[in-house]
>>> print(open('query.txt').read())   # compact mmCIF, C-alpha atoms and all ligand atoms
# COMPACT_ATOMS: atom_id res chain seq x y z
CA MET N 1 30.46 -6.55 21.03
CA ARG N 2 33.33 -4.03 20.87
CA LYS N 3 35.45 -5.27 23.79
CA SER N 4 34.89 -8.91 22.75
CA LYS N 5 36.20 -8.11 19.29
CA ILE N 6 39.33 -6.45 20.66
CA LEU N 7 39.95 -9.32 23.06
CA PHE N 8 39.45 -11.93 20.34
CA LYS N 9 42.00 -10.15 18.16
CA LYS N 10 44.49 -10.14 21.03
CA ALA N 11 43.76 -13.76 21.96
CA PHE N 12 44.29 -14.80 18.36
CA ASN N 13 47.96 -13.74 18.58
CA LEU N 14 48.53 -15.74 21.74
CA ILE N 15 46.30 -18.84 21.58
CA PRO N 16 45.60 -21.08 18.53
CA GLY N 17 42.40 -19.76 16.98
CA GLY N 18 42.10 -17.42 19.98
CA VAL N 19 40.45 -20.10 22.10
CA ASN N 20 41.34 -22.97 24.39
CA SER N 21 38.79 -25.28 22.82
CA PRO N 22 37.83 -25.09 19.12
CA VAL N 23 34.03 -24.98 19.35
CA ARG N 24 34.24 -21.72 21.35
CA ALA N 25 35.60 -19.83 18.31
CA PHE N 26 32.14 -19.64 16.67
CA ARG N 27 33.67 -21.00 13.42
CA ALA N 28 30.55 -23.08 12.73
CA VAL N 29 28.24 -20.06 13.02
CA GLY N 30 30.46 -17.20 11.87
CA GLY N 31 31.21 -13.93 13.61
CA ASN N 32 33.31 -13.44 16.71
CA PRO N 33 32.84 -15.19 20.03
CA VAL N 34 31.61 -13.10 22.94
CA PHE N 35 34.06 -12.97 25.81
CA ILE N 36 32.40 -13.73 29.13
CA GLU N 37 32.93 -11.66 32.24
CA SER N 38 30.71 -13.59 34.69
CA GLY N 39 27.74 -15.87 35.17
CA LYS N 40 24.90 -16.07 37.69
CA GLY N 41 22.07 -18.59 37.68
CA SER N 42 20.73 -19.06 34.16
CA ARG N 43 22.63 -16.08 32.77
CA ILE N 44 26.09 -15.15 31.53
CA TYR N 45 27.37 -11.58 31.10
CA ASP N 46 29.85 -10.60 28.38
CA VAL N 47 32.65 -8.04 28.64
CA ASP N 48 30.45 -5.47 26.86
CA GLY N 49 27.78 -5.70 29.54
CA ASN N 50 25.34 -7.80 27.50
CA SER N 51 23.44 -10.52 29.33
CA TYR N 52 22.31 -13.84 27.86
CA ILE N 53 20.12 -16.71 28.98
CA ASP N 54 22.67 -19.52 28.73
CA TYR N 55 21.82 -22.91 27.19
CA VAL N 56 25.47 -24.01 26.87
CA LEU N 57 26.22 -24.03 30.63
CA SER N 58 29.91 -24.72 29.97
CA TRP N 59 28.83 -27.63 27.68
CA GLY N 60 26.81 -29.34 30.37
CA PRO N 61 28.53 -29.10 33.80
CA LEU N 62 26.49 -26.22 35.23
CA ILE N 63 23.22 -28.07 35.76
CA LEU N 64 22.68 -25.98 38.92
CA GLY N 65 23.28 -22.75 36.98
CA HIS N 66 26.26 -20.40 37.20
CA ALA N 67 27.91 -19.54 40.55
CA HIS N 68 25.50 -21.53 42.67
CA PRO N 69 25.96 -19.97 46.16
CA GLN N 70 26.38 -23.30 47.98
CA VAL N 71 28.92 -24.58 45.42
CA ILE N 72 30.89 -21.32 45.51
CA LYS N 73 30.88 -21.25 49.32
CA ALA N 74 32.08 -24.84 49.50
CA ILE N 75 34.92 -24.15 47.05
CA GLN N 76 35.92 -21.00 48.96
CA LEU N 77 36.10 -22.89 52.27
CA ALA N 78 38.07 -25.75 50.69
CA ALA N 79 40.50 -23.32 49.04
CA LEU N 80 41.24 -21.67 52.39
CA LYS N 81 42.57 -25.06 53.53
CA GLY N 82 44.77 -25.55 50.45
CA THR N 83 44.27 -26.39 46.79
CA SER N 84 46.04 -29.70 46.13
CA TYR N 85 48.15 -32.20 48.06
CA GLY N 86 48.98 -35.00 45.63
CA ALA N 87 47.96 -37.28 48.48
CA PRO N 88 44.67 -39.00 49.26
CA THR N 89 41.93 -36.97 50.97
CA PRO N 90 38.57 -37.95 52.52
CA LEU N 91 36.85 -35.90 49.79
CA GLU N 92 37.80 -38.47 47.13
CA ILE N 93 36.11 -41.20 49.15
CA GLU N 94 33.00 -39.07 49.54
CA LEU N 95 32.63 -38.34 45.82
CA ALA N 96 33.47 -41.94 44.87
CA GLU N 97 30.72 -43.20 47.22
CA MET N 98 28.18 -40.77 45.73
CA VAL N 99 29.07 -41.82 42.18
CA LEU N 100 29.02 -45.57 42.96
CA ASN N 101 25.68 -45.24 44.77
CA ALA N 102 24.23 -43.52 41.71
CA TYR N 103 25.75 -46.00 39.18
CA PRO N 104 25.28 -49.56 40.54
CA SER N 105 26.91 -50.94 37.37
CA MET N 106 30.19 -49.66 38.82
CA ASP N 107 31.99 -51.35 41.73
CA LYS N 108 35.03 -49.02 41.63
CA VAL N 109 35.76 -45.59 40.13
CA ARG N 110 38.97 -43.64 39.40
CA MET N 111 38.94 -39.81 39.26
CA VAL N 112 40.81 -38.07 36.44
CA ASN N 113 40.77 -34.47 35.13
CA SER N 114 38.67 -34.55 31.95
CA GLY N 115 36.30 -36.64 29.90
CA THR N 116 39.10 -37.31 27.43
CA GLU N 117 41.25 -38.80 30.17
CA ALA N 118 38.32 -40.89 31.36
CA THR N 119 37.56 -42.48 27.99
CA MET N 120 41.24 -42.88 27.03
CA SER N 121 41.91 -44.68 30.33
CA ALA N 122 38.77 -46.82 30.19
CA ILE N 123 39.76 -48.08 26.74
CA ARG N 124 43.29 -48.91 27.91
CA VAL N 125 41.85 -50.87 30.86
CA ALA N 126 39.42 -52.72 28.57
CA ARG N 127 42.32 -53.67 26.29
CA GLY N 128 44.39 -54.78 29.29
CA PHE N 129 41.48 -56.79 30.68
CA THR N 130 40.63 -58.60 27.41
CA GLY N 131 44.09 -58.75 25.84
CA ARG N 132 42.46 -57.58 22.61
CA ASP N 133 43.48 -54.50 20.58
CA LYS N 134 40.53 -53.30 18.49
CA ILE N 135 37.75 -50.97 19.64
CA ILE N 136 34.38 -50.08 18.15
CA LYS N 137 32.98 -46.55 18.24
CA PHE N 138 30.04 -44.99 16.40
CA GLU N 139 29.95 -42.28 13.77
CA GLY N 140 29.27 -38.86 15.25
CA CYS N 141 30.03 -39.93 18.80
CA TYR N 142 32.77 -37.81 20.37
CA HIS N 143 34.69 -39.25 23.29
CA GLY N 144 37.38 -36.60 23.69
CA HIS N 145 40.55 -36.14 21.66
CA ALA N 146 42.72 -39.19 22.45
CA ASP N 147 44.42 -40.35 19.24
CA GLY N 148 42.56 -43.63 18.83
CA LEU N 149 39.23 -41.84 19.08
CA LEU N 150 39.83 -39.20 16.40
CA VAL N 151 38.99 -41.76 13.77
CA LYS N 152 36.30 -41.84 11.14
CA ALA N 153 34.68 -44.76 9.41
CA GLY N 154 37.05 -46.31 6.92
CA SER N 155 35.97 -47.94 3.68
CA GLY N 156 35.94 -51.68 3.27
CA ALA N 157 33.99 -54.41 4.98
CA THR N 158 35.59 -54.25 8.38
CA THR N 159 35.46 -50.46 8.21
CA PHE N 160 38.99 -50.06 9.56
CA GLY N 161 39.25 -46.52 10.88
CA ILE N 162 41.11 -43.76 9.12
CA PRO N 163 42.52 -40.78 11.03
CA ASP N 164 40.05 -37.93 11.52
CA SER N 165 42.84 -35.51 12.30
CA PRO N 166 46.41 -34.97 11.14
CA GLY N 167 48.81 -36.25 13.76
CA VAL N 168 46.92 -39.48 14.36
CA PRO N 169 49.11 -42.30 13.01
CA LYS N 170 47.36 -44.74 10.66
CA SER N 171 48.63 -47.49 12.93
CA TYR N 172 46.46 -46.13 15.76
CA ALA N 173 43.43 -45.55 13.56
CA LYS N 174 43.44 -49.08 12.18
CA ASN N 175 42.53 -50.44 15.60
CA THR N 176 39.36 -48.35 15.70
CA ILE N 177 36.29 -49.60 13.87
CA THR N 178 33.67 -46.89 13.35
CA LEU N 179 30.09 -47.99 12.75
CA PRO N 180 26.80 -46.18 12.09
CA PHE N 181 24.82 -45.34 15.24
CA ASN N 182 21.43 -47.07 15.58
CA ASN N 183 22.39 -49.73 13.01
CA ILE N 184 22.46 -53.06 14.80
CA ASN N 185 23.02 -55.11 11.61
CA ALA N 186 26.25 -53.24 10.82
CA PHE N 187 27.35 -54.05 14.37
CA LYS N 188 26.39 -57.74 14.07
CA ASN N 189 28.23 -58.07 10.72
CA VAL N 190 31.48 -56.74 12.16
CA ILE N 191 31.56 -58.64 15.42
CA GLN N 192 30.76 -62.05 14.01
CA ASN N 193 34.12 -62.00 12.21
CA GLU N 194 36.08 -59.62 14.39
CA TRP N 195 34.83 -60.33 17.94
CA LYS N 196 38.00 -62.08 19.11
CA ASN N 197 40.03 -58.95 18.32
CA ILE N 198 37.63 -56.47 19.88
CA ALA N 199 38.37 -55.24 23.41
CA CYS N 200 35.47 -52.86 23.81
CA VAL N 201 32.62 -50.91 22.35
CA ILE N 202 32.42 -47.28 23.46
CA ILE N 203 29.21 -45.36 22.88
CA GLU N 204 27.41 -42.19 23.88
CA PRO N 205 24.04 -43.78 24.86
CA VAL N 206 22.41 -40.51 23.78
CA VAL N 207 24.61 -38.81 21.18
CA GLY N 208 25.12 -35.24 22.35
CA ASN N 209 27.96 -34.53 19.94
CA ILE N 210 25.88 -34.41 16.79
CA GLY N 211 23.12 -32.47 18.54
CA CYS N 212 20.82 -34.85 20.41
CA VAL N 213 20.28 -38.26 18.81
CA LEU N 214 18.30 -40.87 20.73
CA PRO N 215 18.96 -44.62 20.57
CA LYS N 216 16.28 -46.54 18.67
CA PRO N 217 14.28 -48.91 20.92
CA GLY N 218 16.29 -52.11 21.26
CA PHE N 219 19.59 -50.75 19.93
CA LEU N 220 21.36 -50.40 23.29
CA GLU N 221 19.74 -53.59 24.62
CA THR N 222 21.07 -55.60 21.64
CA LEU N 223 24.52 -54.03 21.98
CA ARG N 224 24.49 -55.13 25.64
CA LYS N 225 23.41 -58.68 24.79
CA LEU N 226 25.94 -59.19 21.98
CA THR N 227 28.92 -57.64 23.81
CA LEU N 228 28.14 -59.87 26.80
CA SER N 229 28.08 -63.01 24.64
CA TYR N 230 31.40 -62.16 22.92
CA GLY N 231 33.26 -61.01 26.06
CA ILE N 232 33.52 -57.48 24.67
CA VAL N 233 33.63 -54.69 27.30
CA LEU N 234 30.68 -52.29 26.85
CA ILE N 235 31.69 -48.75 27.82
CA PHE N 236 28.99 -46.09 28.22
CA ASP N 237 30.51 -42.68 27.70
CA GLU N 238 28.24 -40.72 30.05
CA VAL N 239 30.49 -37.68 30.28
CA MET N 240 27.55 -35.64 28.99
CA THR N 241 24.52 -37.79 29.93
CA GLY N 242 25.74 -38.69 33.44
CA PHE N 243 23.62 -36.94 36.10
CA ARG N 244 22.07 -35.07 33.14
CA VAL N 245 19.36 -37.28 31.60
CA SER N 246 18.69 -38.62 35.11
CA TYR N 247 20.61 -38.82 38.39
CA GLY N 248 21.69 -42.32 37.32
CA GLY N 249 22.47 -41.17 33.77
CA ALA N 250 21.36 -42.80 30.52
CA GLN N 251 21.99 -46.28 31.95
CA ALA N 252 19.25 -45.68 34.50
CA PHE N 253 17.08 -43.88 31.93
CA TYR N 254 17.28 -46.89 29.56
CA ASN N 255 17.86 -49.55 32.26
CA ILE N 256 21.07 -50.97 30.72
CA LYS N 257 24.10 -52.08 32.76
CA PRO N 258 27.37 -51.35 30.89
CA ASP N 259 30.64 -52.96 32.01
CA MET N 260 32.35 -49.57 32.33
CA THR N 261 31.14 -45.98 32.53
CA CYS N 262 32.94 -42.69 31.84
CA LEU N 263 31.77 -39.53 33.59
CA GLY N 264 32.81 -35.86 33.60
CA LYS N 265 31.25 -32.40 33.35
CA ILE N 266 28.53 -32.35 36.05
CA ILE N 267 30.56 -34.41 38.59
CA GLY N 268 33.09 -31.56 38.68
CA GLY N 269 30.46 -28.89 39.34
CA GLY N 270 32.28 -26.58 36.93
CA LEU N 271 35.83 -27.58 37.92
CA PRO N 272 37.94 -30.08 35.92
CA VAL N 273 36.93 -33.65 36.73
CA GLY N 274 36.52 -36.85 34.74
CA ALA N 275 36.01 -40.36 36.06
CA TYR N 276 35.92 -43.93 34.80
CA GLY N 277 34.74 -47.02 36.59
CA GLY N 278 33.22 -50.43 36.22
CA LYS N 279 32.99 -53.97 37.52
CA LYS N 280 35.59 -54.84 40.13
CA GLU N 281 37.18 -57.59 38.03
CA ILE N 282 37.88 -54.98 35.34
CA MET N 283 38.88 -52.11 37.63
CA SER N 284 41.27 -54.35 39.58
CA MET N 285 43.46 -54.11 36.45
CA VAL N 286 44.18 -50.44 37.22
CA SER N 287 47.52 -49.46 38.75
CA PRO N 288 48.60 -49.74 41.54
CA GLU N 289 46.15 -52.60 42.16
CA GLY N 290 46.80 -54.06 38.72
CA PRO N 291 49.19 -53.72 35.79
CA VAL N 292 47.37 -51.15 33.63
CA TYR N 293 49.03 -47.79 34.21
CA GLN N 294 47.10 -44.55 34.57
CA ALA N 295 47.94 -41.51 36.74
CA GLY N 296 47.37 -37.76 37.19
CA THR N 297 48.90 -34.96 39.25
CA LEU N 298 45.60 -33.27 40.01
CA SER N 299 43.33 -36.29 39.85
CA GLY N 300 40.83 -36.12 42.73
CA ASN N 301 42.00 -32.66 43.77
CA PRO N 302 40.14 -31.25 46.77
CA LEU N 303 38.58 -28.21 45.06
CA ALA N 304 37.09 -30.22 42.19
CA MET N 305 35.94 -32.94 44.58
CA THR N 306 34.29 -30.30 46.78
CA ALA N 307 32.46 -28.71 43.83
CA GLY N 308 31.33 -32.14 42.62
CA ILE N 309 30.16 -33.32 46.04
CA MET N 310 28.08 -30.17 46.62
CA THR N 311 26.61 -30.38 43.11
CA LEU N 312 25.56 -34.03 43.52
CA LYS N 313 24.19 -33.34 47.02
CA ILE N 314 21.86 -30.71 45.54
CA LEU N 315 20.99 -32.91 42.53
CA SER N 316 20.07 -35.81 44.85
CA ARG N 317 17.35 -33.77 46.55
CA LYS N 318 13.70 -34.72 45.98
CA GLY N 319 11.99 -33.18 42.95
CA VAL N 320 15.13 -31.90 41.19
CA TYR N 321 14.80 -34.02 38.03
CA GLU N 322 11.04 -33.53 37.97
CA LYS N 323 11.64 -29.76 37.90
CA LEU N 324 14.23 -30.10 35.12
CA GLU N 325 11.77 -32.30 33.19
CA ARG N 326 8.97 -29.73 33.55
CA MET N 327 11.17 -26.88 32.31
CA ALA N 328 12.61 -28.94 29.45
CA SER N 329 9.19 -29.99 28.24
CA LEU N 330 7.99 -26.36 28.45
CA LEU N 331 10.97 -25.33 26.29
CA GLU N 332 10.32 -28.20 23.84
CA GLU N 333 6.66 -27.23 23.44
CA GLY N 334 7.49 -23.54 23.06
CA LEU N 335 10.27 -23.96 20.49
CA THR N 336 8.33 -26.54 18.48
CA ASP N 337 5.24 -24.30 18.35
CA ALA N 338 7.32 -21.20 17.54
CA ALA N 339 8.94 -22.90 14.53
CA LYS N 340 5.62 -24.28 13.32
CA THR N 341 3.81 -20.93 13.63
CA ALA N 342 6.72 -19.20 11.86
CA GLY N 343 6.54 -21.82 9.11
CA VAL N 344 10.12 -23.12 9.57
CA LYS N 345 10.73 -26.88 9.32
CA THR N 346 12.58 -28.12 12.40
CA LYS N 347 12.94 -31.35 14.36
CA PHE N 348 13.40 -31.11 18.14
CA TYR N 349 14.92 -33.97 20.15
CA ARG N 350 15.38 -34.19 23.89
CA ALA N 351 16.63 -36.58 26.56
CA GLY N 352 15.87 -35.13 29.98
CA SER N 353 17.31 -31.60 30.03
CA MET N 354 19.61 -31.97 27.00
CA PHE N 355 18.13 -31.14 23.63
CA CYS N 356 18.65 -30.00 20.04
CA THR N 357 16.63 -28.18 17.36
CA TYR N 358 17.65 -29.42 13.90
CA PHE N 359 16.79 -27.36 10.83
CA THR N 360 15.48 -30.29 8.87
CA GLU N 361 12.16 -31.99 8.18
CA LYS N 362 13.63 -35.53 8.19
CA GLU N 363 13.94 -37.71 11.30
CA VAL N 364 17.46 -37.48 12.75
CA ILE N 365 18.58 -40.95 13.79
CA ASP N 366 22.33 -40.89 13.15
CA TYR N 367 25.26 -38.86 11.82
CA PRO N 368 24.27 -38.84 8.09
CA THR N 369 20.69 -37.74 8.85
CA ALA N 370 21.93 -35.08 11.28
CA LYS N 371 24.23 -33.76 8.55
CA LEU N 372 21.20 -33.17 6.31
CA SER N 373 20.16 -30.25 8.50
CA ASP N 374 20.45 -26.74 7.08
CA THR N 375 23.53 -25.45 8.92
CA ALA N 376 23.41 -22.08 7.13
CA ARG N 377 19.90 -21.49 8.46
CA PHE N 378 20.99 -22.70 11.92
CA SER N 379 23.85 -20.16 11.88
CA LYS N 380 21.46 -17.30 11.07
CA PHE N 381 19.13 -18.51 13.82
CA PHE N 382 22.03 -18.67 16.27
CA SER N 383 23.00 -15.04 15.54
CA ALA N 384 19.39 -13.86 15.67
CA MET N 385 18.98 -15.48 19.08
CA LEU N 386 22.31 -14.10 20.35
CA LYS N 387 21.16 -10.62 19.32
CA ARG N 388 18.01 -11.20 21.43
CA GLY N 389 20.02 -12.27 24.48
CA ILE N 390 19.80 -16.04 24.09
CA TYR N 391 23.10 -17.96 24.10
CA LEU N 392 22.78 -21.28 22.22
CA ALA N 393 25.54 -23.76 21.42
CA PRO N 394 27.46 -22.22 18.47
CA SER N 395 27.00 -25.27 16.26
CA GLN N 396 24.07 -27.23 14.84
CA PHE N 397 25.85 -30.39 15.99
CA GLU N 398 25.95 -29.66 19.72
CA ALA N 399 23.40 -30.27 22.45
CA GLY N 400 21.74 -27.52 24.46
CA PHE N 401 21.26 -27.80 28.23
CA LEU N 402 18.92 -26.49 30.92
CA SER N 403 19.78 -25.79 34.53
CA LEU N 404 17.80 -25.71 37.77
CA ALA N 405 18.24 -21.92 37.64
CA HIS N 406 16.26 -21.51 34.40
CA SER N 407 12.85 -19.98 35.20
CA VAL N 408 9.50 -20.03 33.42
CA LYS N 409 10.25 -16.37 32.64
CA ASP N 410 13.53 -17.40 30.97
CA ILE N 411 11.74 -20.03 28.87
CA ASP N 412 9.06 -17.52 27.93
CA LYS N 413 11.66 -14.95 26.82
CA THR N 414 13.50 -17.69 24.89
CA VAL N 415 10.37 -18.85 23.05
CA LYS N 416 9.38 -15.28 22.13
CA ALA N 417 12.94 -14.63 20.83
CA ALA N 418 12.84 -17.93 18.93
CA TYR N 419 9.58 -17.03 17.18
CA LYS N 420 11.04 -13.71 15.95
CA SER N 421 14.31 -15.45 15.00
CA PHE N 422 12.53 -18.22 13.09
CA LEU N 423 10.65 -15.54 11.11
CA GLU N 424 13.95 -13.83 10.41
CA VAL N 425 15.59 -16.98 8.97
CA LYS N 426 12.51 -18.22 7.11
P1 LIG H 1 36.54 -33.28 27.88
O1 LIG H 1 37.89 -33.87 27.63
O2 LIG H 1 36.23 -32.11 26.96
O3 LIG H 1 36.29 -32.95 29.37
O4 LIG H 1 35.44 -34.42 27.58
C1 LIG H 1 35.45 -35.04 26.32
C2 LIG H 1 34.09 -35.64 26.06
C3 LIG H 1 33.93 -37.01 26.22
N1 LIG H 1 32.73 -37.60 26.01
C4 LIG H 1 31.65 -36.86 25.66
C5 LIG H 1 30.34 -37.55 25.44
C6 LIG H 1 31.76 -35.45 25.51
O5 LIG H 1 30.66 -34.74 25.16
C7 LIG H 1 32.99 -34.82 25.71
C8 LIG H 1 33.18 -33.34 25.54
N2 LIG H 1 32.06 -32.62 25.02
C9 LIG H 1 32.36 -31.40 24.30
C10 LIG H 1 31.03 -30.81 23.83
N3 LIG H 1 30.54 -31.43 22.71
C11 LIG H 1 33.12 -30.44 25.15
C12 LIG H 1 33.18 -29.03 24.60
C13 LIG H 1 34.53 -28.74 24.00
O6 LIG H 1 35.13 -29.63 23.36
O7 LIG H 1 34.95 -27.59 24.18
>>> encode(input="query.txt", output="structure tokens")
Amino acid sequence: MRKSKILFKKAFNLIPGGVNSPVRAFRAVGGNPVFIESGKGSRIYDVDGNSYIDYVLSWGPLILGHAHPQVIKAIQLAALKGTSYGAPTPLEIELAEMVLNAYPSMDKVRMVNSGTEATMSAIRVARGFTGRDKIIKFEGCYHGHADGLLVKAGSGATTFGIPDSPGVPKSYAKNTITLPFNNINAFKNVIQNEWKNIACVIIEPVVGNIGCVLPKPGFLETLRKLTLSYGIVLIFDEVMTGFRVSYGGAQAFYNIKPDMTCLGKIIGGGLPVGAYGGKKEIMSMVSPEGPVYQAGTLSGNPLAMTAGIMTLKILSRKGVYEKLERMASLLEEGLTDAAKTAGVKTKFYRAGSMFCTYFTEKEVIDYPTAKLSDTARFSKFFSAMLKRGIYLAPSQFEAGFLSLAHSVKDIDKTVKAAYKSFLEVK
């Protein structure tokens, strides 16, 4: 880890915390981050020549694995023609058609450059469409870093939000109501008084930002029913679950039709893309068609569109999600058995090929129960696995991901490393 250490020291003097996104700094698990030189298939290679089986996959986008030859080739050919025009291209139509075909709840979709931009814009459109100011989010759900979303549950009956980060004005936070995930009564209590002020509810249908927390049966369905009856826009933040838990995302997986959907990660095939879309009566509010402003220099840029189109083309092939399901269930069985045999109490949750191993013996159904997990033990496990060439998400409260490039051999190596690592942290 010598070169990584030197690079981290240097980076620290130039970039806040030495990283361009906080979770990469390994603060939650201790030690120094490894600096990556390259990736290929299921593996990444650090600057010191170590190789790792990668379960982070750039936090979800690389569902085909690193440097997929057809994606790389497509990007190379597109780049030879130019990188960005700031003018419409046929590629944007092609990706929009693929997304709308996969998400029938959406009539129209706008490309942006990140998941944050997608959720921030979707909320503005929902406010413009309803003329209402308040939004509801759920504890533990992360929707990017727009001010109104960095808000935690406030005290008091209507749980007015309080800023979850310095720099977020109280005036912004007070328009965000944060409720407990999987608690439909808390939701009912708030909307019966507040509904006429609430523009939208935004939710991660499977919460990947506290690990992997599944919706209780009926929770999403009741949210859908109640938001419909009160004219509240239901936004599914599928930045992580879109094209991940199934080709049609969590909304297909759970058969729920939201009013708006946010996407990102996988639809960019490893390049920066976000997207938001929904019913035509809502999306007709978006400039220049409607009065709600939203724009972006590189939105829909040809390289990102090309990478996304090729990625979705490969994902739409027969048998792809069945293969991901087989590998994910093999990993689930292996890790669960390894922990049990080693005598370590864990809970494993999975939705398609996103998953999380919590170091706890209690069911994890929301943020408070996730926070009961033993993060110190997770950190030791993380380091023990890294030492054995397995690269997990450097936080107990992040999801892990599989790609089409992960082999049975990779899973086997991972399970063997996990057994030894569980023994080590026992
Ligand atoms: P970006 O702005 O990072 O592209 O997307 C924000 C976002 C929105 N919605 C959901 C459900 C998300 O998971 C994310 C981003 N996810 C994190 C991982 N937990 C990205 C990793 C990071 O912040 O570095």
>>> atom_distance(input="query.txt", atom1="CA of Glu333 in chain N", atom2="CA of Ala376 in chain N")
23.9 Å
>>> closest_residue(input="query.txt", among="N:Ser105, N:Thr414, N:Tyr85, N:Phe12", to="Met385 in chain N", atoms="only C-alpha atoms")
N:Thr414
>>> residues_around(input="query.txt", residues="Val320 in chain N", least_positions_apart="2", cutoff="12 Å", atoms="only C-alpha atoms", output="number ranges by chain")
N: 63-64, 243-247, 311-318, 322-327, 352-353, 403-405
>>> residues_near_ligand(input="query.txt", ligand="ligand LIG 1 (chain H)", cutoff="9 Å", atoms="all atoms listed in the file", output="ChimeraX atom specification")
/N:20-24,58-60,113-119,141-146,203-211,237-241,262-265,272-274,397-399
>>> atom_distance(input="query.txt", atom1="CA of Thr176 in chain N", atom2="CA of Lys196 in chain N")
14.2 Å
